[in-house]
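Peer 1: Have a look at the structure that comes next, please.
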Amino acid sequence: MAEEVLSFVLDQLSTFLREEGRLLGGLWQEVQFIRDELGHMRAFLREAEAKEEDAQPRLQEWIKQVREAAYDTEDILDEFVARFARHRATGFYGSVRRIFSSIKNLRARHRVASEIQIIKSRIKSISEAHQRYQSESSSNSLPPVNNTTWRYSRDDALLVEEAKLVGIDQPKNHLISELLEGDDHQLKVVSVVGMGGLGKTTLVKKVHEDPEVRRRFPVRAWVTVSETCDFQFLLKDLIRQLHKEGNKAVTQSIESSNTTELKEIIKDFLQQAGRYAIVFDDVWDVEFWNTIKFALPESCCGNRVMLTTRKADVASASCSESGGLVYRMEPLSIEDSWTLFCNKIFNGGTCPGHLMDVAKGILEKCEGLPLAIIAISGLLASKDVNRMDEWEMVRRSLGGELEGTGKLDRVKKILSLSYSDLPWHLKICLLYTSIYPEDYEIECSDLINLWIAERFVEWREGMSIEDVAWGWLSELVNRSLIQVTKVYYEGLPDYCRIHDLLREVIVLKSREQNMVTITTGQPMMRPSEKVRRLVVHTSSSNNTQDHQQRRSYCFDHLQSFVTFGSMSPLLFKLLLSDVLRSSKLLKVLHLGGQETQEDIPNEVFKMFHLKYLYLGGTRVERVPKAIGKLQHLEFLDLSNTRVRELPMEILKLQKLRVLKVYQQVDSSDDDYGSHGFKAPSNMGRLLALEVLDCIDASSGSAIVKEIGKLTQLRELGITKLRREDGKELCSSLAKLTSLHRLSIESIGEGNDDHEIIDLNHHPSSSSSSSFLQSLHLLILCGRLEKMPQWVAHLHGLVRIDLNWSRLRGDEDPLESLRHLPNLGKINFCGSYQGEGLCFQAGGFLNLKKLHLKRMEGLRWMRVEEGALPRLHQLILDQLPLLEELPLGIQHLSHLQGLYLYEMSSEMIEKVENQKEESEDYTRIAHIPEIVIGCYTEDGEWRQRQLWGKKKKKT
C-alpha cells in the first residue's frame with residue numbers, strides 16, 4: 001500500500017522538477033537522484049505489497065521506510081517552495097525586500113539543503129537494505145500471491161443449500177424467466193452486477209442448477225474467471241466441462257494448442273451440441289468478454305450466457321450486442337437480513353429481547369450484505385447469548401475484527417479484491433474517502449474538489465482537471481465501490497456513500513499507510529508519529545476531551561485539517577490554534593459546520609500552500625483584505641455564512657476556480673432561492689473561475705457585463721437580477737461556451753414580489769447557433785412574462801427548474817420544452833397560473849421525473865397516449881384544486897412511483913377508496929408504488945405507502 005503513495009509522490013517530484021527546478025540551483029541533482037531511486041523501488045513494491053500481510057517483519061519495515069521517505073521528500077520540497085517561490089515585489093521597496101529576504105533565507109537554504117542530503121542518505125540506506133534482502137532471499141522476486149483461499153471462498157458459495165438462503169426467490173425466478181423467454185434464434189447474455197459479497201455467485205448457481213433450466217439447456221458449463229485468470233487454462237477447463245457434459249473424450253491435443261485453436265475447439269463443439277448455457281463467474285474486465293465471445297456461436301438454438309461481475313461497464317458491454325439483461329443485485333431488505341441473521345445464530349428461532357437492540361445495531365453495519373451477515377453471525381454464534389457485553393463488544397469493534405484473522409477475514413479479503421484491482425490513482429482517491437464519518441452522505445462535487453486540492457488529480461490533454469476527477473468518480477461507481485444515493489440530474493451524481501464494511505476496510509488501509517488520522521475526540525496515536533491529514537469526527541458525547549493530551553500530535557507535517565460535526569467552542573478554538581500555529585504545509589482547511597466560528601483567523605492567510613478553504617455553515621461575517629495573500633487558493637466556500645460582500649483583494653487570487661458565497665433564503669426549502677454576494681466591480685479579472693455561486697447583480701449592468709469575461713465558467717448562479725439588465729446578461733451568456741449549470745433569480749423578497757426576469761433576447765447572429773448549447777441545467781426563479789425563445793433550442797438540457805414564474809394560462813410552459821431531446825427532469829414550483837396542463841403525444845420522449853408543486857390554479861392534467869413514454873416518477877405537490885389524477889395516467893407504462901404530497905382530501909379519498917374492480921383502479925394498477933404524504937397538526941411530516949409492488953430490475 002506504499003506503491004500508490006510512492007507513485008503519487010513521484011508524480012509530484014516530476015512536476016516540481018519541471019516547474020520549480022530553477023529554484024533548486026545545486027540541489028537539482030540531489031532531488032533528481034531521490035526521484036530516480038524511489039522510481040527504482042516502485043517496481044519491487046508492486047510485488048512486495050501483494051504479500052505485505054504475509055510478509056516477514058523485516059519486509060514490512062522496509063515498505064514502511066519507503067513510504068515515510070516518500071512523504072518526507074514531498075514535505076521538504078513543499079517547504080522549499082513556500083520559502084523561495086513567493087510572489088516577488090517590484091520597485092525600490094521590492095529590491096530592498098529581496099536583498100533582506102536573500103540574507104534572511106540564506107540559513108534557511110542551507111537547512112533545506114541539509115534536509116535533502118539527509119533524505120538522500122536515507123534513500124541510499126533503504127536501497128541497500130532492499131539489495132541485501134533480495135540477495136538473502138532464495139529468489140530476486142517474491143513468490144506469487146496465493147489465491148487458494150479466494151478459490152475456496154468462491155467454491156463455498158456454490159455449495160450453499162437453497163434452504164439456507166433468504167430473499168433469493170424473486171430474483172431467482174426473474175432471472176430464470178429471462179433465460180427461458182425471448183428470441184430462440186439469438187445468443188442472449190444476462191449479466192448480474194453488484195459489489196462483492198452480495199451473493200451474485202450463489203444466486204446465479206441456483207438459477208444455473210434449476211431443473212427447468214437444466215432441461216431447456218442440456219449443455220452447460222460453469223467457469224470461474226477471477227481477477228487474475230490464466231486464459232488458456234480457462235479455455236481448457238471449459239473444453240473439459242463441455243466434453244464431460246456431452247460424454248465425449250477430450251483429446252490430448254488441447255495441451256499444446258494455442259488460444260486461437262482452443263477457441264475454435266469450443267466453437268466447433270457448441271455448434272454441434274445444440275442448446276447451451278454457460279456461466280462466466282467473477283468477470284473483471286471488458287477485454288475478457290471481447291475475447292471469449294468469439295468462441296460462443298449464436299446458432300439458432302437460443303443459447304444463453306450468464307456473467308457475474310462487480311463492474312457496470314463489463315455488464316453493459318456483454319449485453320449490448322445481444323439485447324440482454326443487466327440485473328443489478330440489490331442488498332437484502334431489512335426483513336430478509338433479520339431472517340438470515342436469526343437463522344444462522346438461533347436456528348430459525350427468535351432473538352432474545354435483551355439482545356434485540358445490539359443485534360439490530362450489528363445488522364445495520366452489514367447493510368444487507370449477505371456475506372457479512374453470514375460471517376458476523378458465525379462470529380456471534382460462538383458468544384454466550386446471556387452475555388450482552390460480548391455482543392456489544394463485537395458491535396463496537398467490527399473494524400478491529402476485520403483487521404484480525406478471525407471469522408471476518410473472508411469478508412475483508414473479498415471486499416479488498418476490488419480495491420486491489422484499482423490503478424494507483426484510484427486507490428489513493430478511494431482511500432481518501434476514509435475522511436468521512438460512517439453513514440455520511442458525501443457531496444460528490446466537494447469530494448472531487450478535495451481530490452484536486454490534495455493533488456491526486458492531474459490535468460490530461462483535452463480535458464479539464466474537473467472532468468478527469470468526475471471520470472475517476474464514475475469509475476469507482478462503475479466498480480461498485482462507491483454508491484450513488486442522489487442524482488443532481490441524469491448523468492451527474494449529487495451525493496454518494498461508502499458501504500459501512502467496505503469503509504472499515506478503507507479506514508484500515510488508510511491508517512496502515514498513515515494517510516489519514518481520524519480522531520473522534522481522544523488521541524489515537526503515539527507522540528512520535530507524524531500526522532499528515534487530521535480528521536475530527538465529533539458528536540455531543542466526545543466534546544470533553546483533555547486538551548493537554550491533544551498536544552501530543554505533531555502538526556509540522558500536516559497537509560489537511562478537516563472537521564465534521566460541531567465541536568465545543570473551547571475545544572475547537574484550542575485545536576485550531578495548535579494546527580494553524582505549527583502547520584506551514586497546510587493545503588486543505590475544512591471547517592464546515594463549526595457554528596461558533598465567527599471570523600477567519602489571521603494565521604490562515606500565512607498558509608502559502610493553501611488550496612482549499614471551506615467555511616460553509618459557520619458564522620463568518622467578513623472576509624479580510626488579507627485573503628489576497630493566498631496566491632494558490634483554488635477553492636473558497638462560504639456557503640450559508642453571513643458574508644454578503646467580498647473585498648477587492650479577492651481579485652488577486654488568479655488560481656481561484658471555485659467560489660461559493662451564498663445563503664439560502666429558507667434553509668428548509670430550496671424553492672425560495674438564495675442571497676448572493678456583492679462582488680468587486682472588476683470581477684471579470686478572475687479568469688480561472690469555473691464555479692461562481694451566487695453573485696448579486698442588483699448593482700446594475702456593469703457587474704452583469706463582467707460575467708461575460710469569465711469564459712471558463714461551468715456553473716453560474718445569479719441573484720437579484722434587474723429586469724432592465726436581462727439583455728446585457730444574454731449578451732454575457734453568449735460568451736460562456738462551457739457553461740453547464742445556470743441559475744438566475746430576480747429581485748424579490750418572497751415568491752409573490754419577484755421582479756420579472758426578461759431574458760427573451762436573441763444573442764448576436766454570430767453566436768445564436770451556439771448559445772448555451774453546453775447547458776445541462778437551467779434554474780429560473782422569478783416571474784416570467786413568457787418563456788425565453790432560446791430555451792426551445794437547448795438540445796443539451798437535461799433538467800429545468802421554474803420557480804414562481806407565474807406564467808399566464810395562455811403561455812403554456814410545456815410548449816418550448818416538449819421536443820428537447822435530452823430533457824430528463826422537470827421541476828415546476830408556482831410556475832403556471834393556468835387551469836390545465838396537457839402533455840401531447842410525441843412530447844417529452846426522455847423525461848423520467850416530473851415534479852409539479854404549488855400551482856394554486858391547476859384543476860386538471862391530461863397525458864395523451866405517446867407522451868412521457870419513459871416517465872419513472874410523478875410528484876404532485878400542493879396542488880389544492882386538482883381533485884382527479886391525470887387523465888391518461890394509464891398510458892404511463894414505465895411509471896414506477898406516484899407521490900401525492902399535501903393534495904386535496906377529495907383526491908386522497910378517491911385514491912384510497914378505489915376497488916380492484918373499478919375503472920379508476922385499472923388506470924393505476926400498473927404503478928409499483930403510490931405514496932401519500934402530508935404535515936400533521938403538530939407540524940410533523942408523515943407519509944405512508946398506499947401500496948407497493950416488487951419492482952423489476954432493469
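Following the order of the C-alpha cells, chains are lettered A, B, ..., residues in each are numbered from 1, and ligands are numbered from 1.
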Quick check for you: according to DSSP on this backbone, which residues of segment 620-831 of chain A are classed as strand (DSSP E)? Reply as a compact mmCIF listing (two decimals) with N, CA, C and O atoms, in the first residue's frame.
Peer 2:
```txt
# COMPACT_ATOMS: atom_id res chain seq x y z
N PHE A 635 -10.07 26.92 -4.17
CA PHE A 635 -11.44 26.61 -3.76
C PHE A 635 -11.78 27.43 -2.51
O PHE A 635 -11.09 27.31 -1.50
N LEU A 636 -12.82 28.23 -2.58
CA LEU A 636 -13.27 29.03 -1.43
C LEU A 636 -14.78 28.86 -1.31
O LEU A 636 -15.53 29.23 -2.20
N ASP A 637 -15.20 28.27 -0.19
CA ASP A 637 -16.62 28.02 0.03
C ASP A 637 -17.07 28.73 1.30
O ASP A 637 -16.64 28.40 2.40
N VAL A 658 -13.12 27.81 -7.87
CA VAL A 658 -14.46 27.63 -7.30
C VAL A 658 -14.69 28.69 -6.23
O VAL A 658 -13.91 28.80 -5.28
N LEU A 659 -15.75 29.46 -6.38
CA LEU A 659 -16.11 30.50 -5.42
C LEU A 659 -17.60 30.36 -5.11
O LEU A 659 -18.46 30.58 -5.97
N LYS A 660 -17.89 29.98 -3.86
CA LYS A 660 -19.28 29.81 -3.44
C LYS A 660 -19.53 30.70 -2.23
O LYS A 660 -18.95 30.49 -1.17
N GLN A 663 -26.34 32.32 0.85
CA GLN A 663 -27.12 31.82 1.98
C GLN A 663 -28.54 31.59 1.52
O GLN A 663 -29.15 32.45 0.88
N GLN A 664 -29.07 30.40 1.80
CA GLN A 664 -30.44 30.09 1.41
C GLN A 664 -31.42 31.03 2.11
O GLN A 664 -31.28 31.34 3.29
N SER A 674 -31.72 31.93 -2.97
CA SER A 674 -30.60 32.26 -2.08
C SER A 674 -30.28 33.75 -2.14
O SER A 674 -30.64 34.45 -3.09
N HIS A 675 -29.58 34.20 -1.10
CA HIS A 675 -28.95 35.53 -1.12
C HIS A 675 -27.53 35.35 -1.68
O HIS A 675 -26.80 34.45 -1.26
N VAL A 691 -16.57 27.95 -11.23
CA VAL A 691 -17.83 27.91 -10.47
C VAL A 691 -17.98 29.24 -9.75
O VAL A 691 -17.11 29.63 -8.96
N LEU A 692 -19.09 29.93 -9.99
CA LEU A 692 -19.39 31.20 -9.34
C LEU A 692 -20.83 31.14 -8.84
O LEU A 692 -21.77 31.14 -9.62
N ASP A 693 -20.98 31.09 -7.50
CA ASP A 693 -22.30 30.83 -6.95
C ASP A 693 -22.40 31.49 -5.57
O ASP A 693 -21.75 31.02 -4.62
N CYS A 694 -23.16 32.55 -5.41
CA CYS A 694 -24.02 33.26 -6.34
C CYS A 694 -23.62 34.75 -6.30
O CYS A 694 -23.35 35.28 -5.22
N ILE A 695 -23.65 35.39 -7.41
CA ILE A 695 -23.26 36.79 -7.48
C ILE A 695 -24.51 37.67 -7.49
O ILE A 695 -25.47 37.41 -8.20
N ASP A 696 -24.50 38.68 -6.64
CA ASP A 696 -25.61 39.62 -6.52
C ASP A 696 -25.50 40.64 -7.66
O ASP A 696 -24.52 41.37 -7.76
N GLU A 715 -20.33 26.66 -13.99
CA GLU A 715 -21.51 26.83 -13.16
C GLU A 715 -21.63 28.30 -12.77
O GLU A 715 -20.64 28.91 -12.35
N LEU A 716 -22.83 28.83 -12.90
CA LEU A 716 -23.05 30.25 -12.60
C LEU A 716 -24.38 30.42 -11.89
O LEU A 716 -25.42 29.92 -12.35
N GLY A 717 -24.35 31.12 -10.74
CA GLY A 717 -25.56 31.49 -10.03
C GLY A 717 -25.65 32.99 -9.90
O GLY A 717 -24.69 33.64 -9.49
N ILE A 718 -26.80 33.54 -10.25
CA ILE A 718 -27.02 34.99 -10.20
C ILE A 718 -28.26 35.27 -9.37
O ILE A 718 -29.30 34.62 -9.56
N THR A 719 -28.16 36.21 -8.44
CA THR A 719 -29.32 36.61 -7.66
C THR A 719 -29.62 38.09 -7.91
O THR A 719 -28.76 38.86 -8.33
N LYS A 720 -30.87 38.46 -7.63
CA LYS A 720 -31.31 39.86 -7.69
C LYS A 720 -31.03 40.51 -9.04
O LYS A 720 -30.54 41.64 -9.12
N LEU A 721 -31.34 39.77 -10.09
CA LEU A 721 -31.22 40.34 -11.43
C LEU A 721 -32.35 41.34 -11.68
O LEU A 721 -33.52 41.04 -11.44
N ARG A 741 -24.24 24.66 -15.88
CA ARG A 741 -25.34 24.92 -14.96
C ARG A 741 -25.54 26.42 -14.82
O ARG A 741 -24.59 27.16 -14.57
N LEU A 742 -26.79 26.85 -14.92
CA LEU A 742 -27.12 28.27 -14.84
C LEU A 742 -28.34 28.45 -13.95
O LEU A 742 -29.38 27.82 -14.17
N SER A 743 -28.20 29.32 -12.94
CA SER A 743 -29.31 29.64 -12.05
C SER A 743 -29.47 31.15 -12.01
O SER A 743 -28.50 31.88 -11.76
N ILE A 744 -30.67 31.63 -12.27
CA ILE A 744 -30.94 33.07 -12.30
C ILE A 744 -32.15 33.37 -11.42
O ILE A 744 -33.21 32.75 -11.57
N GLU A 745 -31.98 34.32 -10.48
CA GLU A 745 -33.07 34.76 -9.63
C GLU A 745 -33.25 36.26 -9.80
O GLU A 745 -32.27 37.01 -9.89
N SER A 746 -34.50 36.70 -9.81
CA SER A 746 -34.77 38.13 -9.94
C SER A 746 -34.88 38.76 -8.56
O SER A 746 -34.93 38.08 -7.53
N LEU A 777 -28.30 22.20 -17.04
CA LEU A 777 -29.28 22.55 -16.01
C LEU A 777 -29.60 24.04 -16.10
O LEU A 777 -28.70 24.87 -16.17
N LEU A 778 -30.90 24.35 -16.08
CA LEU A 778 -31.35 25.74 -16.08
C LEU A 778 -32.36 25.92 -14.95
O LEU A 778 -33.36 25.20 -14.88
N ILE A 779 -32.07 26.90 -14.06
CA ILE A 779 -32.99 27.24 -12.97
C ILE A 779 -33.35 28.72 -13.11
O ILE A 779 -32.47 29.58 -13.11
N LEU A 780 -34.64 29.00 -13.22
CA LEU A 780 -35.12 30.37 -13.28
C LEU A 780 -36.06 30.58 -12.11
O LEU A 780 -37.08 29.88 -11.98
N CYS A 781 -35.72 31.52 -11.23
CA CYS A 781 -36.51 31.80 -10.04
C CYS A 781 -36.99 33.25 -10.10
O CYS A 781 -36.20 34.18 -9.86
N ARG A 799 -32.08 19.09 -17.28
CA ARG A 799 -33.01 19.42 -16.20
C ARG A 799 -33.36 20.90 -16.26
O ARG A 799 -32.51 21.74 -16.54
N ILE A 800 -34.64 21.21 -15.97
CA ILE A 800 -35.07 22.60 -15.87
C ILE A 800 -35.95 22.77 -14.64
O ILE A 800 -36.80 21.93 -14.35
N ASP A 801 -35.68 23.85 -13.88
CA ASP A 801 -36.50 24.23 -12.73
C ASP A 801 -37.08 25.60 -13.00
O ASP A 801 -36.33 26.55 -13.30
N LEU A 802 -38.38 25.74 -12.88
CA LEU A 802 -39.04 27.05 -12.97
C LEU A 802 -39.74 27.30 -11.64
O LEU A 802 -40.67 26.57 -11.28
N ASN A 803 -39.29 28.32 -10.91
CA ASN A 803 -39.87 28.63 -9.61
C ASN A 803 -40.49 30.03 -9.65
O ASN A 803 -39.81 31.01 -10.01
N LYS A 825 -35.62 15.76 -16.52
CA LYS A 825 -36.19 16.12 -15.22
C LYS A 825 -36.78 17.53 -15.30
O LYS A 825 -36.12 18.46 -15.78
N ILE A 826 -38.02 17.68 -14.83
CA ILE A 826 -38.69 18.98 -14.78
C ILE A 826 -39.18 19.21 -13.35
O ILE A 826 -39.85 18.34 -12.76
N ASN A 827 -38.86 20.38 -12.80
CA ASN A 827 -39.41 20.82 -11.51
C ASN A 827 -40.12 22.15 -11.74
O ASN A 827 -39.48 23.14 -12.08
N PHE A 828 -41.42 22.16 -11.58
CA PHE A 828 -42.20 23.40 -11.67
C PHE A 828 -42.73 23.71 -10.27
O PHE A 828 -43.43 22.90 -9.66
N CYS A 829 -42.43 24.92 -9.78
CA CYS A 829 -42.96 25.37 -8.49
C CYS A 829 -43.55 26.76 -8.67
O CYS A 829 -42.82 27.73 -8.92
```
Peer 1: Using only C-alpha atoms, determine which residues lie at most 7 Å from Leu686 of chain A, disregarding the query and same-chain residues fewer than 4 positions distant; provide the list as a ChimeraX atom specification.
Peer 2: /A:651,654,710
Peer 1: Limited to all heavy atoms, could you put the picked residues into a file as an mmCIF file, in the first residue's frame?
Peer 2:
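Output contents, as saved in out.cif:
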```
data_model
loop_
_atom_site.group_PDB
_atom_site.id
_atom_site.type_symbol
_atom_site.label_atom_id
_atom_site.label_comp_id
_atom_site.auth_asym_id
_atom_site.auth_seq_id
_atom_site.Cartn_x
_atom_site.Cartn_y
_atom_site.Cartn_z
ATOM 1 N N LEU A 651 -9.519 39.669 -6.031
ATOM 2 C CA LEU A 651 -9.112 39.645 -7.436
ATOM 3 C C LEU A 651 -7.656 39.216 -7.613
ATOM 4 O O LEU A 651 -7.223 38.913 -8.723
ATOM 5 C CB LEU A 651 -9.322 41.019 -8.074
ATOM 6 C CG LEU A 651 -10.755 41.566 -8.022
ATOM 7 C CD1 LEU A 651 -10.823 42.946 -8.650
ATOM 8 C CD2 LEU A 651 -11.720 40.614 -8.711
ATOM 9 N N GLN A 654 -5.591 34.564 -8.616
ATOM 10 C CA GLN A 654 -5.677 34.232 -10.034
ATOM 11 C C GLN A 654 -5.790 32.731 -10.307
ATOM 12 O O GLN A 654 -6.008 32.321 -11.444
ATOM 13 C CB GLN A 654 -4.481 34.808 -10.772
ATOM 14 C CG GLN A 654 -4.522 36.319 -10.923
ATOM 15 C CD GLN A 654 -5.750 36.777 -11.704
ATOM 16 O OE1 GLN A 654 -5.943 36.417 -12.861
ATOM 17 N NE2 GLN A 654 -6.596 37.573 -11.051
ATOM 18 N N LEU A 710 -15.704 35.954 -17.826
ATOM 19 C CA LEU A 710 -15.326 34.715 -17.128
ATOM 20 C C LEU A 710 -15.619 33.525 -18.037
ATOM 21 O O LEU A 710 -16.514 32.717 -17.796
ATOM 22 C CB LEU A 710 -16.090 34.604 -15.813
ATOM 23 C CG LEU A 710 -15.914 35.783 -14.850
ATOM 24 C CD1 LEU A 710 -16.833 35.635 -13.636
ATOM 25 C CD2 LEU A 710 -14.460 35.900 -14.399
#
```
Peer 1: Go ahead and compute the interatomic distance for atom CA of Phe561 of chain A and atom CA of Leu589 of chain A, in Å to one decimal.
Peer 2: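 Result for atom CA of Phe561 of chain A versus atom CA of Leu589 of chain A: 5.1 Å, one decimal.
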Peer 1: Go through segment 296-407 of chain A residue by residue and, counting only C-alpha atoms, keep those with an atom at most 12 Å from segment 214-235 of chain A; for each kept residue give the shortest atom pair and its distance in Å to one decimal, ordered by chain and increasing number, as a tab-separated table.
Peer 2:
```
residue	atom	partner	partner_atom	distance
A:Leu296	CA	A:Leu235	CA	11.8
A:Cys301	CA	A:Phe217	CA	9.5
A:Gly302	CA	A:Phe217	CA	9.4
A:Asn303	CA	A:Phe217	CA	7.9
A:Arg304	CA	A:Phe217	CA	8.4
A:Val305	CA	A:Arg220	CA	9.7
A:Met306	CA	A:Trp222	CA	9.4
A:Leu307	CA	A:Val223	CA	9.7
A:Thr308	CA	A:Thr224	CA	9.6
A:Thr309	CA	A:Ser226	CA	9.4
A:Arg310	CA	A:Glu227	CA	10.7
A:Lys311	CA	A:Glu227	CA	11.8
```
Peer 1: Could the residues in this selection be saved with N, CA and C atoms as a PDB file, in the first residue's frame?
Peer 2:
```pdb
ATOM      1  N   LEU A 296     -18.159 -18.349 -28.835  1.00  0.00           N
ATOM      2  CA  LEU A 296     -19.541 -18.695 -28.496  1.00  0.00           C
ATOM      3  C   LEU A 296     -20.434 -18.501 -29.712  1.00  0.00           C
ATOM      4  N   CYS A 301     -30.383 -21.810 -31.765  1.00  0.00           N
ATOM      5  CA  CYS A 301     -30.975 -22.581 -30.661  1.00  0.00           C
ATOM      6  C   CYS A 301     -31.363 -21.726 -29.465  1.00  0.00           C
ATOM      7  N   GLY A 302     -31.152 -20.428 -29.535  1.00  0.00           N
ATOM      8  CA  GLY A 302     -31.471 -19.590 -28.380  1.00  0.00           C
ATOM      9  C   GLY A 302     -30.558 -19.861 -27.208  1.00  0.00           C
ATOM     10  N   ASN A 303     -29.247 -19.822 -27.462  1.00  0.00           N
ATOM     11  CA  ASN A 303     -28.264 -20.120 -26.419  1.00  0.00           C
ATOM     12  C   ASN A 303     -28.198 -18.992 -25.398  1.00  0.00           C
ATOM     13  N   ARG A 304     -27.686 -19.311 -24.199  1.00  0.00           N
ATOM     14  CA  ARG A 304     -27.659 -18.347 -23.117  1.00  0.00           C
ATOM     15  C   ARG A 304     -26.285 -18.317 -22.442  1.00  0.00           C
ATOM     16  N   VAL A 305     -25.875 -17.111 -22.062  1.00  0.00           N
ATOM     17  CA  VAL A 305     -24.654 -16.908 -21.287  1.00  0.00           C
ATOM     18  C   VAL A 305     -25.009 -16.027 -20.097  1.00  0.00           C
ATOM     19  N   MET A 306     -24.499 -16.400 -18.895  1.00  0.00           N
ATOM     20  CA  MET A 306     -24.664 -15.556 -17.712  1.00  0.00           C
ATOM     21  C   MET A 306     -23.298 -15.133 -17.208  1.00  0.00           C
ATOM     22  N   LEU A 307     -23.205 -13.876 -16.772  1.00  0.00           N
ATOM     23  CA  LEU A 307     -21.970 -13.345 -16.195  1.00  0.00           C
ATOM     24  C   LEU A 307     -22.268 -12.806 -14.812  1.00  0.00           C
ATOM     25  N   THR A 308     -21.309 -12.927 -13.901  1.00  0.00           N
ATOM     26  CA  THR A 308     -21.346 -12.141 -12.669  1.00  0.00           C
ATOM     27  C   THR A 308     -20.133 -11.233 -12.676  1.00  0.00           C
ATOM     28  N   THR A 309     -20.311 -10.007 -12.219  1.00  0.00           N
ATOM     29  CA  THR A 309     -19.222  -9.030 -12.240  1.00  0.00           C
ATOM     30  C   THR A 309     -19.471  -7.941 -11.215  1.00  0.00           C
ATOM     31  N   ARG A 310     -18.416  -7.289 -10.803  1.00  0.00           N
ATOM     32  CA  ARG A 310     -18.536  -6.126  -9.914  1.00  0.00           C
ATOM     33  C   ARG A 310     -18.560  -4.821 -10.705  1.00  0.00           C
ATOM     34  N   LYS A 311     -18.359  -4.907 -12.014  1.00  0.00           N
ATOM     35  CA  LYS A 311     -18.163  -3.703 -12.813  1.00  0.00           C
ATOM     36  C   LYS A 311     -19.317  -3.487 -13.780  1.00  0.00           C
TER      37      LYS A 311
END
```
Peer 1: Taking into account only C-alpha atoms, which residue in the set A:Arg619, A:Lys412, A:Arg533, A:Arg723 is nearest to Ile747 of chain A?
Peer 2: A:Arg723
Peer 1: Between atom CA of Val665 of chain A and atom CA of Asn640 of chain A, what is the distance in Å, rounded to a tenth?
Peer 2: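 Result for atom CA of Val665 of chain A versus atom CA of Asn640 of chain A: 9.5 Å, one decimal.
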Peer 1: Just checking: using only C-alpha atoms, which residue out of A:Ile176, A:Leu656, A:Leu807, A:Val250 ends up closest to Ala277 of chain A?
Peer 2: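 Among the listed residues, the smallest separation from Ala277 of chain A belongs to A:Ile176.
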Peer 1: Taking only C-alpha atoms into account, which of A:Tyr901, A:Phe294, A:Trp451, A:Trp289 comes nearest Glu264 of chain A?
Peer 2: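 The shortest atom-to-atom distance to Glu264 of chain A comes from A:Phe294.
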Peer 1: Residues at most 8 Å from segment 452-460 of chain A, counting only C-alpha atoms, excluding those fewer than 3 positions away in the same chain, as a list in words?
Peer 2: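 Selected residues are Phe8, His425, Ile428, Cys429, Ile448, Asn449, Met463, Ser464, Ile465, Glu466, Val468, Ala469, Lys587, Val588, Lys611, Tyr612, Glu634 and Phe635 of chain A.
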Peer 1: DSSP on the backbone, helix (DSSP H, G or I) only: what residues of segment 623-775 of chain A does that give? Format it as a PyMOL selection string.
Peer 2: chain A and resi 625-629+648-652+670-672+683-685+701-707+723-733+768-770
Peer 1: Under the rule that only C-alpha atoms are counted, which of A:Ser318, A:Ala113, A:Gly897, A:Asn386 is the nearest residue to Glu287 of chain A?
Peer 2: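 Selected residue with least distance to Glu287 of chain A: A:Ser318.
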Peer 1: For Gln945 of chain A, which residue among A:Trp804, A:Tyr899, A:Tyr921, A:Phe605 is the nearest when counting only C-alpha atoms?
Peer 2: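 Closest residue, counting only C-alpha atoms: A:Tyr899.
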Peer 1: May I ask which of the residues A:Ile254, A:Val661, A:Leu332, A:Val192 is the closest one to Asp169 of chain A, counting only C-alpha atoms?
Peer 2: A:Leu332
Peer 1: Got a sec: who's within 8 Å of segment 795-798 of chain A, counting only C-alpha atoms, leaving out chain neighbours fewer than 6 positions off, as a PyMOL selection string?
Peer 2: chain A and resi 489-490+773-778+820-825
Peer 1: Do a neighbour search on Phe608 of chain A at 8 Å with only C-alpha atoms, toss out local chain neighbours closer than 5 positions, and write the hits as a list in words.
Peer 2: Ala82, Lys584, Leu585, Lys629, Leu630, Gln631 and His632 of chain A
Peer 1: Report the distance between atom CA of Arg395 of chain A and atom CA of His537 of chain A in Å, rounded to one decimal place.
Peer 2: 18.8 Å
